[in-house]
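Quick look at model13.pdb (PDB, C-alpha atoms and all ligand atoms):
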```
ATOM      1  CA  MET A   1      33.376   3.987  -4.811
ATOM      2  CA  HIS A   2      32.180   7.449  -3.828
ATOM      3  CA  LYS A   3      29.290   8.601  -5.967
ATOM      4  CA  THR A   4      27.563  11.868  -6.639
ATOM      5  CA  VAL A   5      23.826  11.345  -6.509
ATOM      6  CA  GLY A   6      21.181  13.811  -7.694
ATOM      7  CA  VAL A   7      17.727  13.062  -6.345
ATOM      8  CA  PHE A   8      14.638  14.778  -7.749
ATOM      9  CA  TYR A   9      11.472  14.440  -5.747
ATOM     10  CA  PHE A  10       7.905  15.521  -5.300
ATOM     11  CA  SER A  11       6.029  15.304  -2.013
ATOM     12  CA  GLY A  12       2.452  16.465  -1.628
ATOM     13  CA  THR A  13       1.897  16.038   2.092
ATOM     14  CA  GLY A  14       5.326  15.211   3.518
ATOM     15  CA  ASN A  15       5.655  11.408   3.324
ATOM     16  CA  THR A  16       8.046  11.463   0.370
ATOM     17  CA  GLU A  17      10.007  14.312   1.932
ATOM     18  CA  ILE A  18      10.496  12.215   5.074
ATOM     19  CA  LEU A  19      11.832   9.373   2.915
ATOM     20  CA  ILE A  20      14.080  11.768   1.023
ATOM     21  CA  ASN A  21      15.680  12.915   4.263
ATOM     22  CA  LEU A  22      16.296   9.283   5.270
ATOM     23  CA  LEU A  23      17.740   8.600   1.820
ATOM     24  CA  GLY A  24      19.998  11.667   1.890
ATOM     25  CA  ASN A  25      21.385  10.796   5.327
ATOM     26  CA  GLU A  26      22.002   7.188   4.345
ATOM     27  CA  LEU A  27      23.774   8.182   1.120
ATOM     28  CA  ILE A  28      26.038  10.587   3.024
ATOM     29  CA  LYS A  29      26.757   7.883   5.612
ATOM     30  CA  ASN A  30      27.912   5.703   2.719
ATOM     31  CA  GLY A  31      30.314   8.339   1.420
ATOM     32  CA  SER A  32      28.189   9.822  -1.376
ATOM     33  CA  LYS A  33      27.813  13.432  -2.298
ATOM     34  CA  ILE A  34      24.156  14.357  -2.747
ATOM     35  CA  GLU A  35      21.866  16.980  -4.191
ATOM     36  CA  LEU A  36      18.209  16.714  -3.210
ATOM     37  CA  ILE A  37      16.037  18.862  -5.454
ATOM     38  CA  ARG A  38      12.292  19.476  -5.329
ATOM     39  CA  ILE A  39      10.720  18.950  -8.735
ATOM     40  CA  GLU A  40       8.376  21.894  -8.204
ATOM     41  CA  ASP A  41      11.368  24.226  -7.740
ATOM     42  CA  ILE A  42      12.727  23.118 -11.103
ATOM     43  CA  LEU A  43       9.386  23.689 -12.809
ATOM     44  CA  LYS A  44       9.090  27.119 -11.191
ATOM     45  CA  ASP A  45      12.639  27.897 -12.441
ATOM     46  CA  ASN A  46      13.867  28.422  -8.869
ATOM     47  CA  VAL A  47      16.849  26.050  -9.074
ATOM     48  CA  TYR A  48      19.498  25.116 -11.592
ATOM     49  CA  PHE A  49      20.849  21.607 -12.009
ATOM     50  CA  ASP A  50      23.140  19.746 -14.379
ATOM     51  CA  VAL A  51      22.542  15.987 -14.609
ATOM     52  CA  ASN A  52      26.051  15.554 -16.027
ATOM     53  CA  ASN A  53      27.352  16.227 -12.517
ATOM     54  CA  TYR A  54      25.717  13.062 -11.183
ATOM     55  CA  ASP A  55      26.876   9.451 -11.357
ATOM     56  CA  LEU A  56      23.372   8.427 -10.367
ATOM     57  CA  VAL A  57      19.999  10.091 -10.805
ATOM     58  CA  GLY A  58      17.108   9.301  -8.443
ATOM     59  CA  ILE A  59      13.443  10.159  -8.878
ATOM     60  CA  CYS A  60      11.080   9.841  -5.891
ATOM     61  CA  TYR A  61       7.362  10.418  -5.706
ATOM     62  CA  PRO A  62       4.094   9.301  -4.122
ATOM     63  CA  ILE A  63       1.859   7.089  -6.222
ATOM     64  CA  HIS A  64      -1.284   8.883  -7.395
ATOM     65  CA  ALA A  65      -3.945   6.603  -8.873
ATOM     66  CA  PHE A  66      -1.478   3.809  -9.683
ATOM     67  CA  ASN A  67       0.883   6.183 -11.442
ATOM     68  CA  ALA A  68       3.347   9.005 -10.871
ATOM     69  CA  PRO A  69       1.753  12.426 -10.234
ATOM     70  CA  LYS A  70       1.453  14.676 -13.277
ATOM     71  CA  ILE A  71       4.195  17.007 -12.009
ATOM     72  CA  VAL A  72       6.718  14.164 -12.341
ATOM     73  CA  PHE A  73       5.838  13.741 -16.024
ATOM     74  CA  ASP A  74       6.194  17.509 -16.527
ATOM     75  CA  PHE A  75       9.661  17.252 -14.952
ATOM     76  CA  ILE A  76      10.685  14.353 -17.202
ATOM     77  CA  LYS A  77       9.721  16.467 -20.228
ATOM     78  CA  LYS A  78      12.168  19.083 -18.960
ATOM     79  CA  LEU A  79      15.038  16.641 -18.349
ATOM     80  CA  PRO A  80      17.855  16.967 -20.893
ATOM     81  CA  ARG A  81      18.783  14.016 -23.093
ATOM     82  CA  VAL A  82      21.769  12.050 -21.782
ATOM     83  CA  LYS A  83      23.670   8.903 -22.662
ATOM     84  CA  ASP A  84      23.094   5.881 -20.420
ATOM     85  CA  LYS A  85      22.606   7.672 -17.106
ATOM     86  CA  TYR A  86      22.061   5.207 -14.261
ATOM     87  CA  THR A  87      18.693   6.046 -12.738
ATOM     88  CA  PHE A  88      16.702   4.711  -9.809
ATOM     89  CA  ILE A  89      13.130   5.301  -8.721
ATOM     90  CA  ILE A  90      11.688   5.188  -5.222
ATOM     91  CA  LYS A  91       7.905   5.317  -5.153
ATOM     92  CA  ASN A  92       5.747   5.342  -2.073
ATOM     93  CA  ALA A  93       2.101   4.583  -1.532
ATOM     94  CA  GLY A  94      -0.446   3.390   0.983
ATOM     95  CA  SER A  95      -0.566  -0.096  -0.521
ATOM     96  CA  ASN A  96       1.379  -2.336  -2.875
ATOM     97  CA  PHE A  97      -1.544  -3.190  -5.118
ATOM     98  CA  ILE A  98      -0.115  -3.511  -8.680
ATOM     99  CA  GLU A  99       3.076  -1.847  -7.534
ATOM    100  CA  GLY A 100       4.921  -2.182 -10.840
ATOM    101  CA  GLY A 101       2.145  -0.401 -12.709
ATOM    102  CA  SER A 102       3.154   2.960 -11.382
ATOM    103  CA  THR A 103       6.486   2.894 -13.210
ATOM    104  CA  THR A 104       5.529   1.430 -16.579
ATOM    105  CA  ILE A 105       4.833   4.733 -18.333
ATOM    106  CA  ILE A 106       7.633   6.670 -16.663
ATOM    107  CA  LYS A 107      10.188   3.962 -17.412
ATOM    108  CA  ASN A 108       9.619   4.290 -21.152
ATOM    109  CA  LYS A 109       9.729   8.087 -21.103
ATOM    110  CA  LEU A 110      13.029   7.991 -19.211
ATOM    111  CA  LYS A 111      14.515   5.423 -21.576
ATOM    112  CA  VAL A 112      13.807   7.579 -24.626
ATOM    113  CA  LYS A 113      15.870  10.349 -22.998
ATOM    114  CA  GLY A 114      18.775   8.047 -22.110
ATOM    115  CA  TYR A 115      18.002   7.426 -18.420
ATOM    116  CA  ASP A 116      18.554   3.761 -17.713
ATOM    117  CA  LEU A 117      16.228   2.703 -14.894
ATOM    118  CA  PHE A 118      18.204  -0.039 -13.135
ATOM    119  CA  ASN A 119      16.577  -0.079  -9.710
ATOM    120  CA  GLU A 120      12.994   0.606  -8.631
ATOM    121  CA  SER A 121      11.442   0.145  -5.207
ATOM    122  CA  LEU A 122       8.156   0.784  -3.513
ATOM    123  CA  ILE A 123       8.071   1.924   0.097
ATOM    124  CA  LEU A 124       4.776   1.701   1.938
ATOM    125  CA  MET A 125       3.792   4.823   3.832
ATOM    126  CA  PRO A 126       0.525   5.856   5.491
ATOM    127  CA  SER A 127      -2.247   6.732   3.085
ATOM    128  CA  ASN A 128      -3.183  10.398   2.989
ATOM    129  CA  LEU A 129      -6.632   9.975   1.510
ATOM    130  CA  PHE A 130      -9.839   7.971   2.044
ATOM    131  CA  THR A 131      -8.568   5.691   4.847
ATOM    132  CA  LYS A 132      -6.594   7.101   7.753
ATOM    133  CA  TYR A 133      -4.249   4.478   9.181
ATOM    134  CA  PRO A 134      -3.983   4.085  12.963
ATOM    135  CA  ASP A 135      -1.107   6.204  14.330
ATOM    136  CA  GLU A 136       0.695   3.081  15.619
ATOM    137  CA  LEU A 137       0.676   1.621  12.100
ATOM    138  CA  SER A 138       1.826   4.904  10.553
ATOM    139  CA  LYS A 139       4.779   4.981  12.950
ATOM    140  CA  GLN A 140       5.561   1.338  12.201
ATOM    141  CA  LEU A 141       5.580   2.006   8.458
ATOM    142  CA  TYR A 142       7.957   4.917   9.042
ATOM    143  CA  LEU A 143      10.278   2.750  11.194
ATOM    144  CA  THR A 144      10.190   0.051   8.519
ATOM    145  CA  SER A 145      11.061   2.595   5.845
ATOM    146  CA  ILE A 146      14.381   3.292   7.624
ATOM    147  CA  LYS A 147      15.422  -0.314   6.949
ATOM    148  CA  LYS A 148      14.057  -0.244   3.398
ATOM    149  CA  VAL A 149      16.048   2.908   2.606
ATOM    150  CA  GLN A 150      19.227   1.259   3.955
ATOM    151  CA  ARG A 151      18.624  -1.679   1.624
ATOM    152  CA  ILE A 152      17.963   0.623  -1.343
ATOM    153  CA  VAL A 153      21.132   2.674  -0.751
ATOM    154  CA  LYS A 154      23.243  -0.467  -0.574
ATOM    155  CA  GLU A 155      21.721  -1.667  -3.850
ATOM    156  CA  ILE A 156      21.980   1.560  -5.830
ATOM    157  CA  LEU A 157      25.562   2.214  -4.772
ATOM    158  CA  ASN A 158      26.483  -1.319  -5.832
ATOM    159  CA  GLY A 159      24.607  -1.039  -9.139
ATOM    160  CA  LYS A 160      22.213  -3.847  -8.261
ATOM    161  CA  MET A 161      19.420  -4.348 -10.798
ATOM    162  CA  ARG A 162      15.880  -4.413  -9.411
ATOM    163  CA  ARG A 163      13.199  -3.965 -12.005
ATOM    164  CA  GLN A 164       9.519  -4.658 -11.543
ATOM    165  CA  LYS A 165       7.885  -6.631 -14.297
ATOM    166  CA  ASN A 166       4.456  -5.673 -15.574
ATOM    167  CA  SER A 167       2.010  -7.572 -17.669
ATOM    168  CA  ALA A 168       0.296  -5.889 -20.618
ATOM    169  CA  MET A 169      -2.925  -5.945 -18.568
ATOM    170  CA  ILE A 170      -1.328  -3.932 -15.745
ATOM    171  CA  THR A 171       0.073  -1.402 -18.205
ATOM    172  CA  ILE A 172      -3.342  -0.920 -19.806
ATOM    173  CA  PHE A 173      -5.087  -0.707 -16.404
ATOM    174  CA  THR A 174      -2.571   1.893 -15.194
ATOM    175  CA  ARG A 175      -2.958   4.005 -18.300
ATOM    176  CA  VAL A 176      -6.752   3.979 -18.114
ATOM    177  CA  ILE A 177      -6.913   4.901 -14.399
ATOM    178  CA  SER A 178      -4.255   7.625 -14.774
ATOM    179  CA  PHE A 179      -6.066   9.072 -17.766
ATOM    180  CA  PHE A 180      -9.216   9.504 -15.681
ATOM    181  CA  GLU A 181      -7.258  10.795 -12.672
ATOM    182  CA  ASN A 182      -5.577  13.451 -14.815
ATOM    183  CA  ILE A 183      -8.983  14.536 -16.077
ATOM    184  CA  GLY A 184     -10.570  14.412 -12.606
ATOM    185  CA  ALA A 185      -7.860  16.132 -10.517
ATOM    186  CA  PRO A 186      -8.562  19.682 -11.798
ATOM    187  CA  PHE A 187     -12.227  19.214 -10.837
ATOM    188  CA  PHE A 188     -11.055  18.294  -7.329
ATOM    189  CA  GLY A 189      -9.192  21.634  -7.254
ATOM    190  CA  ARG A 190     -12.232  23.559  -8.420
ATOM    191  CA  ASP A 191     -14.268  21.846  -5.684
ATOM    192  CA  LEU A 192     -12.066  23.310  -2.910
ATOM    193  CA  LYS A 193     -13.691  25.917  -0.682
ATOM    194  CA  VAL A 194     -12.157  28.261   1.884
ATOM    195  CA  ASN A 195     -14.147  28.797   5.067
ATOM    196  CA  GLU A 196     -14.440  31.853   7.323
ATOM    197  CA  ASN A 197     -11.447  30.778   9.499
ATOM    198  CA  CYS A 198      -9.023  31.696   6.690
ATOM    199  CA  SER A 199      -6.546  34.322   7.931
ATOM    200  CA  ARG A 200      -5.356  35.201   4.375
ATOM    201  CA  CYS A 201      -1.830  34.112   5.418
ATOM    202  CA  ASN A 202      -1.107  33.233   1.776
ATOM    203  CA  LYS A 203       0.604  29.960   2.720
ATOM    204  CA  CYS A 204      -1.535  27.919   0.316
ATOM    205  CA  VAL A 205      -0.758  30.366  -2.510
ATOM    206  CA  LYS A 206       3.003  30.151  -1.901
ATOM    207  CA  ASN A 207       3.052  26.394  -1.291
ATOM    208  CA  CYS A 208       0.955  25.100  -4.163
ATOM    209  CA  PRO A 209       3.349  23.050  -6.321
ATOM    210  CA  ARG A 210       1.352  23.927  -9.449
ATOM    211  CA  ASN A 211       0.876  27.663  -8.769
ATOM    212  CA  ASN A 212      -2.823  26.903  -8.912
ATOM    213  CA  ILE A 213      -3.970  29.057  -5.988
ATOM    214  CA  LYS A 214      -4.283  32.823  -6.254
ATOM    215  CA  MET A 215      -5.385  35.551  -3.886
ATOM    216  CA  GLU A 216      -7.643  37.903  -5.807
ATOM    217  CA  GLY A 217      -8.554  40.862  -3.674
ATOM    218  CA  TYR A 218      -9.633  39.200  -0.453
ATOM    219  CA  LYS A 219     -10.631  35.925  -2.124
ATOM    220  CA  ILE A 220      -8.658  32.686  -2.515
ATOM    221  CA  LYS A 221      -9.221  31.255  -6.002
ATOM    222  CA  PHE A 222      -8.413  27.761  -7.251
ATOM    223  CA  GLY A 223      -7.564  27.339 -10.957
ATOM    224  CA  TRP A 224      -7.681  24.325 -13.265
ATOM    225  CA  LYS A 225      -4.127  22.985 -12.672
ATOM    226  CA  CYS A 226      -4.766  21.006  -9.467
ATOM    227  CA  MET A 227      -3.264  17.495  -9.284
ATOM    228  CA  SER A 228      -5.012  16.743  -5.968
ATOM    229  CA  CYS A 229      -1.803  16.419  -3.951
ATOM    230  CA  LEU A 230      -3.742  17.627  -0.852
ATOM    231  CA  ARG A 231      -0.960  19.893   0.415
ATOM    232  CA  CYS A 232      -3.086  23.027   0.642
ATOM    233  CA  ILE A 233      -5.734  21.162   2.646
ATOM    234  CA  TYR A 234      -3.420  19.520   5.187
ATOM    235  CA  ARG A 235      -0.921  22.366   5.561
ATOM    236  CA  CYS A 236      -3.415  25.199   6.010
ATOM    237  CA  PRO A 237      -2.648  26.541   9.543
ATOM    238  CA  GLN A 238      -6.356  27.278  10.099
ATOM    239  CA  GLY A 239      -7.666  24.067   8.502
ATOM    240  CA  SER A 240      -9.755  26.347   6.285
ATOM    241  CA  ILE A 241      -9.527  24.555   2.932
ATOM    242  CA  LYS A 242     -11.945  21.702   2.330
ATOM    243  CA  PRO A 243     -13.405  19.953  -0.682
ATOM    244  CA  SER A 244     -17.150  20.202  -0.980
ATOM    245  CA  VAL A 245     -18.334  17.313  -3.202
ATOM    246  CA  PHE A 246     -15.195  15.222  -2.527
ATOM    247  CA  LYS A 247     -15.265  15.823   1.241
ATOM    248  CA  TYR A 248     -15.088  12.115   2.124
ATOM    249  CA  ALA A 249     -11.744  11.731   0.321
ATOM    250  CA  VAL A 250      -9.808  13.760   2.904
ATOM    251  CA  PHE A 251      -9.323  13.351   6.655
ATOM    252  CA  LYS A 252     -11.414  15.746   8.749
ATOM    253  CA  ASP A 253      -8.736  16.113  11.414
ATOM    254  CA  GLY A 254      -5.849  16.579   8.963
ATOM    255  CA  TYR A 255      -2.751  14.566   8.154
ATOM    256  CA  ASN A 256       0.782  15.042   9.433
ATOM    257  CA  LEU A 257       3.133  12.045   9.616
ATOM    258  CA  GLN A 258       5.958  14.104  11.147
ATOM    259  CA  SER A 259       3.886  14.769  14.275
ATOM    260  CA  ILE A 260       3.345  10.995  14.657
ATOM    261  CA  ILE A 261       7.070  10.326  14.209
ATOM    262  CA  ASP A 262       7.903  12.979  16.822
ATOM    263  CA  ASN A 263       5.423  11.632  19.396
ATOM    264  CA  PRO A 264       7.328   9.265  21.752
ATOM    265  CA  ASP A 265       4.049   7.832  23.098
ATOM    266  CA  ILE A 266       3.363   6.247  19.712
ATOM    267  CA  LYS A 267       5.549   3.143  19.671
ATOM    268  CA  GLY A 268       4.923   1.729  16.204
ATOM    269  CA  GLU A 269       4.259  -1.878  17.148
ATOM    270  CA  TYR A 270       0.894  -2.320  15.447
ATOM    271  CA  ILE A 271       1.377  -5.262  13.081
ATOM    272  CA  THR A 272       2.343  -8.592  14.626
ATOM    273  CA  SER A 273       2.044 -12.190  13.457
ATOM    274  CA  SER A 274      -1.414 -12.324  15.061
ATOM    275  CA  THR A 275      -2.756  -9.261  13.200
ATOM    276  CA  LYS A 276      -5.945 -10.108  11.321
ATOM    277  CA  GLY A 277      -8.043  -8.091   8.897
ATOM    278  CA  LYS A 278      -7.211  -5.546   6.236
ATOM    279  CA  TYR A 279      -3.901  -4.408   7.710
ATOM    280  CA  SER A 280      -2.506  -7.941   7.924
ATOM    281  CA  ARG A 281      -1.381  -7.364   4.313
ATOM    282  CA  PHE A 282       1.507  -5.320   5.733
ATOM    283  CA  TYR A 283       3.003  -8.270   7.636
ATOM    284  CA  ASP A 284       5.217  -9.638   4.867
ATOM    285  CA  TYR A 285       6.318  -6.161   3.830
ATOM    286  CA  ILE A 286       7.374  -5.277   7.382
ATOM    287  CA  TYR A 287       8.968  -8.536   8.506
ATOM    288  CA  LYS A 288      10.286 -10.266   5.363
ATOM    289  CA  GLU A 289      13.296  -9.351   3.238
ATOM    290  CA  ASP A 290      12.403  -7.755  -0.120
TER     291      ASP A 290
HETATM  292  C1  LIG A 301      -4.593  11.807  -5.506
HETATM  293  C2  LIG A 301      -3.958  10.668  -4.745
HETATM  294  C3  LIG A 301      -3.974   9.404  -5.301
HETATM  295  C4  LIG A 301      -3.397   8.332  -4.591
HETATM  296  N1  LIG A 301      -3.401   7.107  -5.176
HETATM  297  C5  LIG A 301      -2.870   6.058  -4.520
HETATM  298  C6  LIG A 301      -2.840   4.769  -5.150
HETATM  299  O1  LIG A 301      -3.239   4.591  -6.305
HETATM  300  N2  LIG A 301      -2.355   3.729  -4.427
HETATM  301  C7  LIG A 301      -1.889   3.898  -3.134
HETATM  302  O2  LIG A 301      -1.487   2.915  -2.533
HETATM  303  N3  LIG A 301      -1.844   5.115  -2.531
HETATM  304  C8  LIG A 301      -2.330   6.205  -3.195
HETATM  305  N4  LIG A 301      -2.300   7.449  -2.612
HETATM  306  C9  LIG A 301      -1.660   7.621  -1.284
HETATM  307  C10 LIG A 301      -0.259   8.231  -1.392
HETATM  308  O3  LIG A 301       0.482   7.638  -2.421
HETATM  309  C11 LIG A 301       0.556   8.076  -0.081
HETATM  310  O4  LIG A 301      -0.162   8.468   1.035
HETATM  311  C12 LIG A 301       1.882   8.817  -0.176
HETATM  312  O5  LIG A 301       2.716   8.358   0.853
HETATM  313  C13 LIG A 301       1.736  10.328  -0.052
HETATM  314  O6  LIG A 301       3.001  10.945  -0.186
HETATM  315  P1  LIG A 301       3.264  12.506   0.018
HETATM  316  O7  LIG A 301       2.876  12.812   1.444
HETATM  317  O8  LIG A 301       4.713  12.684  -0.227
HETATM  318  O9  LIG A 301       2.410  13.206  -0.958
HETATM  319  C14 LIG A 301      -2.835   8.536  -3.294
HETATM  320  C15 LIG A 301      -2.820   9.835  -2.751
HETATM  321  C16 LIG A 301      -3.375  10.884  -3.459
HETATM  322  C17 LIG A 301      -3.344  12.267  -2.858
END
```
In structure tokens, write the structure found in this file.
Amino acid sequence: MHKTVGVFYFSGTGNTEILINLLGNELIKNGSKIELIRIEDILKDNVYFDVNNYDLVGICYPIHAFNAPKIVFDFIKKLPRVKDKYTFIIKNAGSNFIEGGSTTIIKNKLKVKGYDLFNESLILMPSNLFTKYPDELSKQLYLTSIKKVQRIVKEILNGKMRRQKNSAMITIFTRVISFFENIGAPFFGRDLKVNENCSRCNKCVKNCPRNNIKMEGYKIKFGWKCMSCLRCIYRCPQGSIKPSVFKYAVFKDGYNLQSIIDNPDIKGEYITSSTKGKYSRFYDYIYKED
């Protein structure tokens, strides 16, 4: 059956956007009509949507501190109430540690509004903070995500149930960590500094999903609404924005998965059956069926 699918997504530094493009193409290939809408555009009142037009609703986001980013919760508040709307979630993160935890809170909020979460999946993508993955591994995770998205599309179009179970302990852990992340993220924003290379191009001001960056006179100012998505840091053309206290959280030489995908010299054959050490945890994810 041909379905109309509305997908709402947030991407801080491009990984989720790359997945969204794969998802959109795969849905079209399977005969669906799609609308892919950035959550930030909805919250900035730049786009109109009507969930009643969709047979299926999708929500996609990167995991932030074992949970969905704050902007996703703001979006859910804005969603209209519906009756039994089939909904799927695709999360992505640098690891699958307590993967179900990141949907526990969201699942309940969606249910109250009539969105029936029938399928949830986690796709592993390169981490964009603390530990930079080797380029070969980043490419391999991207190549693997193509297959994962194909599997997800097959499942959601066939109405296959896939729900992650969570223990009470995981739910409590997730809530505690997210609580502290929500408190801490604005401090991360206030810690950002702009160096002398800044060309005042205004890109960070225009691109901030939370409208948290302002140009006042000749100065760039960061407000208290930051959710530490890192977009301003990694997308600044001059590399001028850096945290001061939290400087070890971000990569000195930036982060851009698209440039790794586009580089034909990076083959993406990093993990093999003989891989040892911390990245060996990706073996099952890459080579075994979900
Ligand atoms: C503030 C913040 C918190 C994060 N927390 C987690 C986490 O708890 N677990 C994890 O595996 N990855 C975590 N990550 C990594 C991202 O989920 C991952 O790199 C994701 O693919 C980024 O997607 P994006 O480029 O669309 O923003 C975090 C990233 C940020 C910026």
Which residues, protein or nucleic acid, reach to within 12 Å of (1.2, 14.6, -11.1) in the file's coordinates when using all atoms listed in the file, and can you give that as a ChimeraX atom specification?
-> /A:9-12,39-40,61-76,102,106,178-179,181-186,209-210,225-230
Report as a JSON list (two decimals) with C-alpha atoms, in the frame of the given file the residues that result from applying the PyMOL selection byres (((chain A and resi 276-285) around 12) and not hetatm) to the structure here.
```json
[["chain", "number", "residue", "atom", "x", "y", "z"],
["A", 94, "GLY", "CA", -0.45, 3.39, 0.98],
["A", 95, "SER", "CA", -0.57, -0.10, -0.52],
["A", 96, "ASN", "CA", 1.38, -2.34, -2.88],
["A", 97, "PHE", "CA", -1.54, -3.19, -5.12],
["A", 122, "LEU", "CA", 8.16, 0.78, -3.51],
["A", 123, "ILE", "CA", 8.07, 1.92, 0.10],
["A", 124, "LEU", "CA", 4.78, 1.70, 1.94],
["A", 125, "MET", "CA", 3.79, 4.82, 3.83],
["A", 126, "PRO", "CA", 0.52, 5.86, 5.49],
["A", 131, "THR", "CA", -8.57, 5.69, 4.85],
["A", 132, "LYS", "CA", -6.59, 7.10, 7.75],
["A", 133, "TYR", "CA", -4.25, 4.48, 9.18],
["A", 134, "PRO", "CA", -3.98, 4.08, 12.96],
["A", 136, "GLU", "CA", 0.70, 3.08, 15.62],
["A", 137, "LEU", "CA", 0.68, 1.62, 12.10],
["A", 138, "SER", "CA", 1.83, 4.90, 10.55],
["A", 140, "GLN", "CA", 5.56, 1.34, 12.20],
["A", 141, "LEU", "CA", 5.58, 2.01, 8.46],
["A", 144, "THR", "CA", 10.19, 0.05, 8.52],
["A", 145, "SER", "CA", 11.06, 2.60, 5.84],
["A", 147, "LYS", "CA", 15.42, -0.31, 6.95],
["A", 148, "LYS", "CA", 14.06, -0.24, 3.40],
["A", 269, "GLU", "CA", 4.26, -1.88, 17.15],
["A", 270, "TYR", "CA", 0.89, -2.32, 15.45],
["A", 271, "ILE", "CA", 1.38, -5.26, 13.08],
["A", 272, "THR", "CA", 2.34, -8.59, 14.63],
["A", 273, "SER", "CA", 2.04, -12.19, 13.46],
["A", 274, "SER", "CA", -1.41, -12.32, 15.06],
["A", 275, "THR", "CA", -2.76, -9.26, 13.20],
["A", 286, "ILE", "CA", 7.37, -5.28, 7.38],
["A", 287, "TYR", "CA", 8.97, -8.54, 8.51],
["A", 288, "LYS", "CA", 10.29, -10.27, 5.36],
["A", 289, "GLU", "CA", 13.30, -9.35, 3.24],
["A", 290, "ASP", "CA", 12.40, -7.76, -0.12]]
```
Counting only C-alpha atoms, which residues come within 12 Å of (4.7, 11.9, 15.6), with the point read in the file's coordinates, and could you list them as a list in words?
-> Pro134, Asp135, Glu136, Leu137, Ser138, Lys139, Gln140, Tyr142, Leu143, Tyr255, Asn256, Leu257, Gln258, Ser259, Ile260, Ile261, Asp262, Asn263, Pro264, Asp265, Ile266, Lys267 and Gly268 of chain A
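Among the candidate residues A:Arg231, A:Leu56, A:Ser199, A:Ile105, the one lying nearest to Phe173 (chain A) is A:Ile105, with distances computed using all atoms listed in the file.
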Show me, as a PDB file with C-alpha atoms, keeping the file's coordinate frame, the residues that have an atom within 9 Å of Ile233 (chain A) when counting only C-alpha atoms, minus same-chain residues fewer than 2 positions from it.
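Saved file selection-v3.pdb follows:
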```
ATOM      1  CA  LEU A 192     -12.066  23.310  -2.910  1.00  0.00           C
ATOM      2  CA  CYS A 204      -1.535  27.919   0.316  1.00  0.00           C
ATOM      3  CA  LEU A 230      -3.742  17.627  -0.852  1.00  0.00           C
ATOM      4  CA  ARG A 231      -0.960  19.893   0.415  1.00  0.00           C
ATOM      5  CA  ARG A 235      -0.921  22.366   5.561  1.00  0.00           C
ATOM      6  CA  CYS A 236      -3.415  25.199   6.010  1.00  0.00           C
ATOM      7  CA  GLY A 239      -7.666  24.067   8.502  1.00  0.00           C
ATOM      8  CA  SER A 240      -9.755  26.347   6.285  1.00  0.00           C
ATOM      9  CA  ILE A 241      -9.527  24.555   2.932  1.00  0.00           C
ATOM     10  CA  LYS A 242     -11.945  21.702   2.330  1.00  0.00           C
ATOM     11  CA  PRO A 243     -13.405  19.953  -0.682  1.00  0.00           C
ATOM     12  CA  VAL A 250      -9.808  13.760   2.904  1.00  0.00           C
ATOM     13  CA  GLY A 254      -5.849  16.579   8.963  1.00  0.00           C
TER      14      GLY A 254
END
```
Run the PyMOL selection byres (((chain A and resi 51) around 9) and not hetatm) on the file and write out the hits as a ChimeraX atom specification.
-> /A:6,49-50,52-57,79-80,82,85
Residues of the last selection are to be written out with C-alpha atoms, as a CSV table (one decimal), in the frame of the given file.
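Result file result21.csv:
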```csv
chain,number,residue,atom,x,y,z
A,6,GLY,CA,21.2,13.8,-7.7
A,49,PHE,CA,20.8,21.6,-12.0
A,50,ASP,CA,23.1,19.7,-14.4
A,52,ASN,CA,26.1,15.6,-16.0
A,53,ASN,CA,27.4,16.2,-12.5
A,54,TYR,CA,25.7,13.1,-11.2
A,55,ASP,CA,26.9,9.5,-11.4
A,56,LEU,CA,23.4,8.4,-10.4
A,57,VAL,CA,20.0,10.1,-10.8
A,79,LEU,CA,15.0,16.6,-18.3
A,80,PRO,CA,17.9,17.0,-20.9
A,82,VAL,CA,21.8,12.0,-21.8
A,85,LYS,CA,22.6,7.7,-17.1
```
Return as number ranges by chain the set of residues that the PyMOL selection byres (((chain A and resi 151-166) around 7) and not hetatm) yields on the displayed structure.
-> A: 26-27, 100-101, 118-120, 147-150, 167-168, 170-171
Take the residues from that selection and write them out as a PDB file, in the frame of the given file, keeping C-alpha atoms.
```pdb
ATOM      1  CA  GLU A  26      22.002   7.188   4.345  1.00  0.00           C
ATOM      2  CA  LEU A  27      23.774   8.182   1.120  1.00  0.00           C
ATOM      3  CA  GLY A 100       4.921  -2.182 -10.840  1.00  0.00           C
ATOM      4  CA  GLY A 101       2.145  -0.401 -12.709  1.00  0.00           C
ATOM      5  CA  PHE A 118      18.204  -0.039 -13.135  1.00  0.00           C
ATOM      6  CA  ASN A 119      16.577  -0.079  -9.710  1.00  0.00           C
ATOM      7  CA  GLU A 120      12.994   0.606  -8.631  1.00  0.00           C
ATOM      8  CA  LYS A 147      15.422  -0.314   6.949  1.00  0.00           C
ATOM      9  CA  LYS A 148      14.057  -0.244   3.398  1.00  0.00           C
ATOM     10  CA  VAL A 149      16.048   2.908   2.606  1.00  0.00           C
ATOM     11  CA  GLN A 150      19.227   1.259   3.955  1.00  0.00           C
ATOM     12  CA  SER A 167       2.010  -7.572 -17.669  1.00  0.00           C
ATOM     13  CA  ALA A 168       0.296  -5.889 -20.618  1.00  0.00           C
ATOM     14  CA  ILE A 170      -1.328  -3.932 -15.745  1.00  0.00           C
ATOM     15  CA  THR A 171       0.073  -1.402 -18.205  1.00  0.00           C
TER      16      THR A 171
END
```
What is the distance between atom C8 of ligand LIG 301 (chain A) and CA of Lys206 (chain A), in Å to one decimal?
-> 24.6 Å
Fewer than 6 positions away in the same chain doesn't count, so skip those; otherwise give me all residues within 8 Å of region 221-223 of chain A, counting all atoms listed in the file, as an mmCIF file with C-alpha atoms, in the frame of the given file.
```cif
data_model
loop_
_atom_site.group_PDB
_atom_site.id
_atom_site.type_symbol
_atom_site.label_atom_id
_atom_site.label_comp_id
_atom_site.auth_asym_id
_atom_site.auth_seq_id
_atom_site.Cartn_x
_atom_site.Cartn_y
_atom_site.Cartn_z
ATOM 1 C CA PRO A 186 -8.562 19.682 -11.798
ATOM 2 C CA GLY A 189 -9.192 21.634 -7.254
ATOM 3 C CA ARG A 190 -12.232 23.559 -8.420
ATOM 4 C CA LEU A 192 -12.066 23.310 -2.910
ATOM 5 C CA ASN A 212 -2.823 26.903 -8.912
ATOM 6 C CA ILE A 213 -3.970 29.057 -5.988
ATOM 7 C CA LYS A 214 -4.283 32.823 -6.254
ATOM 8 C CA MET A 215 -5.385 35.551 -3.886
#
```
